[in-house]
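**Student:** First the structure, then my questions, so here it is.
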Amino acid sequence: MGFPILSFLTFFPMLGVIAVLLLRKTDIGLIRWTAAFFSFVPLVASIFLLAGYDTSTPAIQFIERHAWFPQINVTYYMGADGLSVPMLFLTALLSFISIIASFGIKERVKEYFAWFLLLEVGMMGVFCALDFFLFYIFWEIMLVPMYFLIGVWGGPRREYAAIKFFLYTLFGSLFMLVAILALYFTTGTLDMMELISRKAMYGHSFQLWVFAAFFIAFAIKVPVWPFHTWLPDAHVEAPTAVSVILAGILLKMGTYGILRVNFPMFPEATKYFSMPIAILGLIGIIYGALVSMAQKDLKKLVAYSSVSHMGYCMLGMAAITTVGVSGCLFQMFSHGVITGALFLLVGVIYDRAHTREIAAFGGLGAKLPVYTGIFTLFGMASLGLPGMSGFVAEFMVFVGSFNSPFIKRWIVILAVLGVILTAGYILRMIQKMFLGQFNTKWENLTDINGREIFTVVPLAIFTLMIGIWPTSLNVFLKATVENLVRIFSN
């Protein structure tokens with residue numbers, strides 16, 4: 001057996017939690033750099049994971065399998081394929097960037113970085129686990145650090161936002177637990193790959209009910225309308241780096257779960273629910289864009305834009321075509337880097353001006369030219385400008401959905417309105433903040449500094465690289481997506 005890289009990716013940050021807790025709370029600089037080190041090493045390991053991944057096969061790779069609770073047929077089973085490998089890299093990248101962006105945290109620094117590293121353990125584990133018992137543990141582990149990170153270091157309404165996030169996600173977890181138990185009592189196993197191979201034995205009504213239970217759990221995480229109301233509160237109150245993780249990784253766990261669990265295990269139910277899923281995606285796209293247009297708070301605008309952009313993921317996966325599902329995965333990665341960067345940039349201006357009111361600014365382009373240029377770049381990427389990753393993702397979703405035998409074309413035609421609405425609120429925001437008459441109130445504002453540039457440059461590189469050379473991402477997805485869609489053609 002080779003090096004257990006997935007266990008290393010998952011549990012190395014746990015060593016960081018222990019290391020940080022052993023340091024004195026007065027050693028703030030040492031705590032920060034220790035956390036950065038224990039987050040940087042998994043990033044390097046994730047690059048080796050990408051390099052070692054065989055893109056020619058849809059088979060699960062880097063398998064680690066050990067008996068765990070043989071009495072109830074539970075195994076420690078980890079593996080990765082084209083669905084999880086890009087997300088593991090994105091998790092490692094955004095975790096490291098977020099920890100660097102958190103160097104400005106001044107209160108209870110030791111606890112903050114310990115919780116953050118524990119959050120990384122949970123996120124990595126979700127993308128690696130292939131046994132439902134293990135998957136559920138990691139899914140629940142994420143809740144506790146996120147609750148404290150929002151509730152202790154968040155904004156004025158942090159307790160309300162943290163409790164709302166916790167209760168919504170816990171509510172979804174109960175549905176997931178019921179679905180897992182239903183599968184276990186039917187088959188006697190929690191091995192995801194074994195459960196997929198036995199899909200023929202599930203009756204039609206069983207598929208529908210268990211699919212629905214899993215879907216509710218994952219839809220709350222995405223979040224799909226009408227389960228989205230926890231998201232703006234959590235984003236607005238969370239510290240900047242926590243908002244990056246929320247948007248960049250946690251939302252993707254919902255779409256990942258649907259593609260990992262619902263689609264291959266319950267193909268009949270997937271076809272049955274494809275139209276409702278597409279309609280929910282359409283509602284998310286239009287509703288999220290319209291509400292974003294009405295926002296006066298910059299962070300709320302970016303938060304509601306996530307509801308809209310994740311709607312494209314739902315539409316793409318509902319198409320059940322190779323191009324549509326690939327578009328969904330492109331959007332997952334693209335949204336992670338673009339929206340993660342936008343939240344970092346919102347944090348940059350808030351740290352200096354202590355306000356996020358769009359109308360309070362004006363003419364910042366003359367005073368903060370570098371910041372303006374970077375913000376405009378990611379704003380254009382968010383609205384789907386050709387040559388950037390957002391355009392590639394949305395284009396693939398539209399093409400894959402339009403030719404789908406499972407959803408109606410009018411849904412796709414209406415969804416294109418989301419592109420126009422997104423352009424409207426992004427361009428209006430850029431105009432109000434960076435163009436026009438300079439507000440002399442901000443005469444003392446300083447431009448983005450070196451550490452802040454360091455956090456957004458890697459995200460800019462991936463935004464442009466995927467936009468110009470989509471094969472750089474598609475090569476990891478292609479075999480897995482084709483194998484997933486093939487299930488529905490039988």
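Naming scheme: A, B, ... for chains in displayed order of the structure tokens; residues 1 onward per chain; ligands 1 onward as shown.
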Do a neighbour search on A:Leu177 at 9 Å with only C-alpha atoms, toss out local chain neighbours closer than 6 positions, and write the hits as number ranges by chain.
**Tutor:** A: 136, 213-214
**Student:** Given the selection you just returned, output its residues as a file containing all heavy atoms, formatted as an mmCIF file, in the first residue's frame.
**Tutor:**
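And here is the file that came out, again.cif:
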data_model
loop_
_atom_site.group_PDB
_atom_site.id
_atom_site.type_symbol
_atom_site.label_atom_id
_atom_site.label_comp_id
_atom_site.auth_asym_id
_atom_site.auth_seq_id
_atom_site.Cartn_x
_atom_site.Cartn_y
_atom_site.Cartn_z
ATOM 1 N N TYR A 136 -20.774 10.894 7.451
ATOM 2 C CA TYR A 136 -21.665 11.615 8.362
ATOM 3 C C TYR A 136 -20.891 12.260 9.513
ATOM 4 O O TYR A 136 -21.204 13.374 9.935
ATOM 5 C CB TYR A 136 -22.725 10.659 8.909
ATOM 6 C CG TYR A 136 -23.839 11.353 9.649
ATOM 7 C CD1 TYR A 136 -24.851 12.007 8.959
ATOM 8 C CD2 TYR A 136 -23.888 11.362 11.048
ATOM 9 C CE1 TYR A 136 -25.885 12.656 9.629
ATOM 10 C CE2 TYR A 136 -24.917 11.996 11.723
ATOM 11 C CZ TYR A 136 -25.915 12.647 11.010
ATOM 12 O OH TYR A 136 -26.928 13.289 11.677
ATOM 13 N N ALA A 213 -34.946 12.514 0.934
ATOM 14 C CA ALA A 213 -34.332 12.777 2.243
ATOM 15 C C ALA A 213 -32.887 13.276 2.074
ATOM 16 O O ALA A 213 -32.493 14.266 2.702
ATOM 17 C CB ALA A 213 -34.359 11.502 3.087
ATOM 18 N N PHE A 214 -32.121 12.591 1.232
ATOM 19 C CA PHE A 214 -30.750 13.057 0.972
ATOM 20 C C PHE A 214 -30.769 14.442 0.325
ATOM 21 O O PHE A 214 -29.961 15.310 0.659
ATOM 22 C CB PHE A 214 -30.014 12.077 0.050
ATOM 23 C CG PHE A 214 -29.342 10.941 0.760
ATOM 24 C CD1 PHE A 214 -29.689 9.633 0.490
ATOM 25 C CD2 PHE A 214 -28.354 11.185 1.693
ATOM 26 C CE1 PHE A 214 -29.061 8.572 1.144
ATOM 27 C CE2 PHE A 214 -27.712 10.132 2.354
ATOM 28 C CZ PHE A 214 -28.073 8.824 2.071
#
**Student:** Quick one: everything within 12 Å of A:Ile18, counting only C-alpha atoms, minus sequence neighbours fewer than 2 positions away in the same chain. Send it as a PyMOL selection string.
**Tutor:** chain A and resi 11-16+20-23+31+34-35+38+110-111+113-115+117-118
**Student:** Please run DSSP on the backbone and report, as an NGL selection string, all residues within stretch 61-281 of chain A that come out as alpha helix (DSSP H).
**Tutor:** :A and (85-101 or 109-128 or 132-141 or 143-153 or 158-187 or 192-197 or 204-221 or 230-237 or 240-245 or 251-257 or 263-265 or 267-281)
**Student:** For stretch 128-234 of chain A against stretch 272-292 of chain A, with a cut-off of 12 Å and counting only C-alpha atoms, what is the closest atom pair and its distance in Å to one decimal for every residue that makes the cut, ordered by chain and number, as a Markdown table?
**Tutor:**
| residue | atom | partner | partner_atom | distance |
| --- | --- | --- | --- | --- |
| A:His204 | CA | A:Tyr272 | CA | 10.0 |
| A:Ser205 | CA | A:Tyr272 | CA | 11.0 |
| A:Gln207 | CA | A:Tyr272 | CA | 10.0 |
| A:Leu208 | CA | A:Tyr272 | CA | 8.1 |
| A:Trp209 | CA | A:Phe273 | CA | 11.2 |
| A:Phe211 | CA | A:Phe273 | CA | 9.1 |
| A:Ala212 | CA | A:Phe273 | CA | 8.9 |
| A:Phe215 | CA | A:Ile277 | CA | 9.7 |
| A:Ile216 | CA | A:Ile277 | CA | 11.3 |
| A:Ala219 | CA | A:Ile277 | CA | 9.9 |
| A:Val222 | CA | A:Gly284 | CA | 10.5 |
| A:Pro223 | CA | A:Gly284 | CA | 8.9 |
| A:Val224 | CA | A:Gly284 | CA | 6.6 |
| A:Trp225 | CA | A:Gly284 | CA | 5.7 |
| A:Pro226 | CA | A:Gly284 | CA | 8.6 |
| A:Phe227 | CA | A:Gly284 | CA | 10.4 |
| A:His228 | CA | A:Gly284 | CA | 9.0 |
| A:Thr229 | CA | A:Gly288 | CA | 11.1 |
| A:Leu231 | CA | A:Gly288 | CA | 11.4 |
| A:Pro232 | CA | A:Ser292 | CA | 10.5 |
**Student:** With C-alpha atoms kept, could you save the residues just selected as a PDB file, in the first residue's frame?
**Tutor:**
ATOM      1  CA  HIS A 204     -39.207   2.822  -7.143  1.00  0.00           C
ATOM      2  CA  SER A 205     -40.932   4.268  -4.073  1.00  0.00           C
ATOM      3  CA  GLN A 207     -35.681   5.415  -4.364  1.00  0.00           C
ATOM      4  CA  LEU A 208     -38.032   8.404  -4.344  1.00  0.00           C
ATOM      5  CA  TRP A 209     -38.259   8.691  -0.558  1.00  0.00           C
ATOM      6  CA  PHE A 211     -33.537  10.438  -2.705  1.00  0.00           C
ATOM      7  CA  ALA A 212     -35.802  13.156  -1.264  1.00  0.00           C
ATOM      8  CA  PHE A 215     -31.725  15.905  -1.351  1.00  0.00           C
ATOM      9  CA  ILE A 216     -33.179  18.012   1.482  1.00  0.00           C
ATOM     10  CA  ALA A 219     -30.122  21.307  -0.710  1.00  0.00           C
ATOM     11  CA  VAL A 222     -26.174  24.494  -1.363  1.00  0.00           C
ATOM     12  CA  PRO A 223     -28.466  26.412  -0.434  1.00  0.00           C
ATOM     13  CA  VAL A 224     -31.394  25.817  -2.782  1.00  0.00           C
ATOM     14  CA  TRP A 225     -34.402  28.129  -2.583  1.00  0.00           C
ATOM     15  CA  PRO A 226     -36.372  28.115  -0.221  1.00  0.00           C
ATOM     16  CA  PHE A 227     -33.695  26.762   2.173  1.00  0.00           C
ATOM     17  CA  HIS A 228     -31.381  29.696   1.478  1.00  0.00           C
ATOM     18  CA  THR A 229     -32.333  32.111   4.267  1.00  0.00           C
ATOM     19  CA  LEU A 231     -26.857  32.061   4.022  1.00  0.00           C
ATOM     20  CA  PRO A 232     -27.011  35.900   3.911  1.00  0.00           C
TER      21      PRO A 232
END
**Student:** Let me make sure I understand: among A:Met433, A:Ala359, A:Val392, A:Ala247, which one has the smallest atom-to-atom distance to A:Leu94 if we use only C-alpha atoms?
**Tutor:** A:Ala247
**Student:** Do you have the atom CA of A:Val481-atom CA of A:Val261 distance handy?
**Tutor:**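 Atom-to-atom, atom CA of A:Val481 to atom CA of A:Val261, that is 13.7 Å.
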**Student:** Counting only C-alpha atoms, what is within 12 Å of A:Leu174, bar same-chain residues fewer than 2 positions away, as a list in words?
**Tutor:**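 Those residues are Tyr136, Trp139, Glu140, Leu167, Tyr168, Thr169, Leu170, Phe171, Gly172, Met176, Leu177, Val178, Ala179, Ile180, Leu181, Ala213, Phe214, Phe215, Ile216, Ala217, Phe218 and Ile220 of chain A.
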**Student:** Using only C-alpha atoms, what table do you get, as a tab-separated table, when you list each residue of stretch 6-56 of chain A with an atom no more than 9 Å from stretch 67-80 of chain A, its nearest pair of atoms, and their distance in Å rounded to one decimal, rows by chain then rising number?
**Tutor:**
residue	atom	partner	partner_atom	distance
A:Leu6	CA	A:Met78	CA	7.0
A:Ser7	CA	A:Met78	CA	7.8
A:Tyr53	CA	A:Ala80	CA	8.9
**Student:** For A:Cys328, please output as a list in words all residues within 9 Å (counting only C-alpha atoms; exclusion window: fewer than 5 positions along the same chain).
**Tutor:**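 Here the answer would be Thr255, Met310, Tyr312, Cys313, Met314, Leu315, Gly316, Met317, Val323, Phe333, Ala393, Glu394, Met396 and Val397 of chain A.
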**Student:** If we count only C-alpha atoms and set the cut-off at 12 Å, which residues sit around A:His354, ignoring sequence neighbours fewer than 5 positions away in its own chain? Please answer as a ChimeraX atom specification.
**Tutor:** /A:155,346-349,360-361,442,445
**Student:** Can you work out which one of A:Arg157, A:Lys299, A:Ser84, A:Met192 has the shortest atom-to-atom distance to A:Leu134, counting only C-alpha atoms?
**Tutor:**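 Looking only at the distances to A:Leu134, the closest residue turns out to be A:Met192.
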**Student:** Quick one: distance from atom CA of A:Gln61 to atom CA of A:Ala479 in Å, one decimal?
**Tutor:**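 Pair atom CA of A:Gln61 / atom CA of A:Ala479 returns 12.7 Å.
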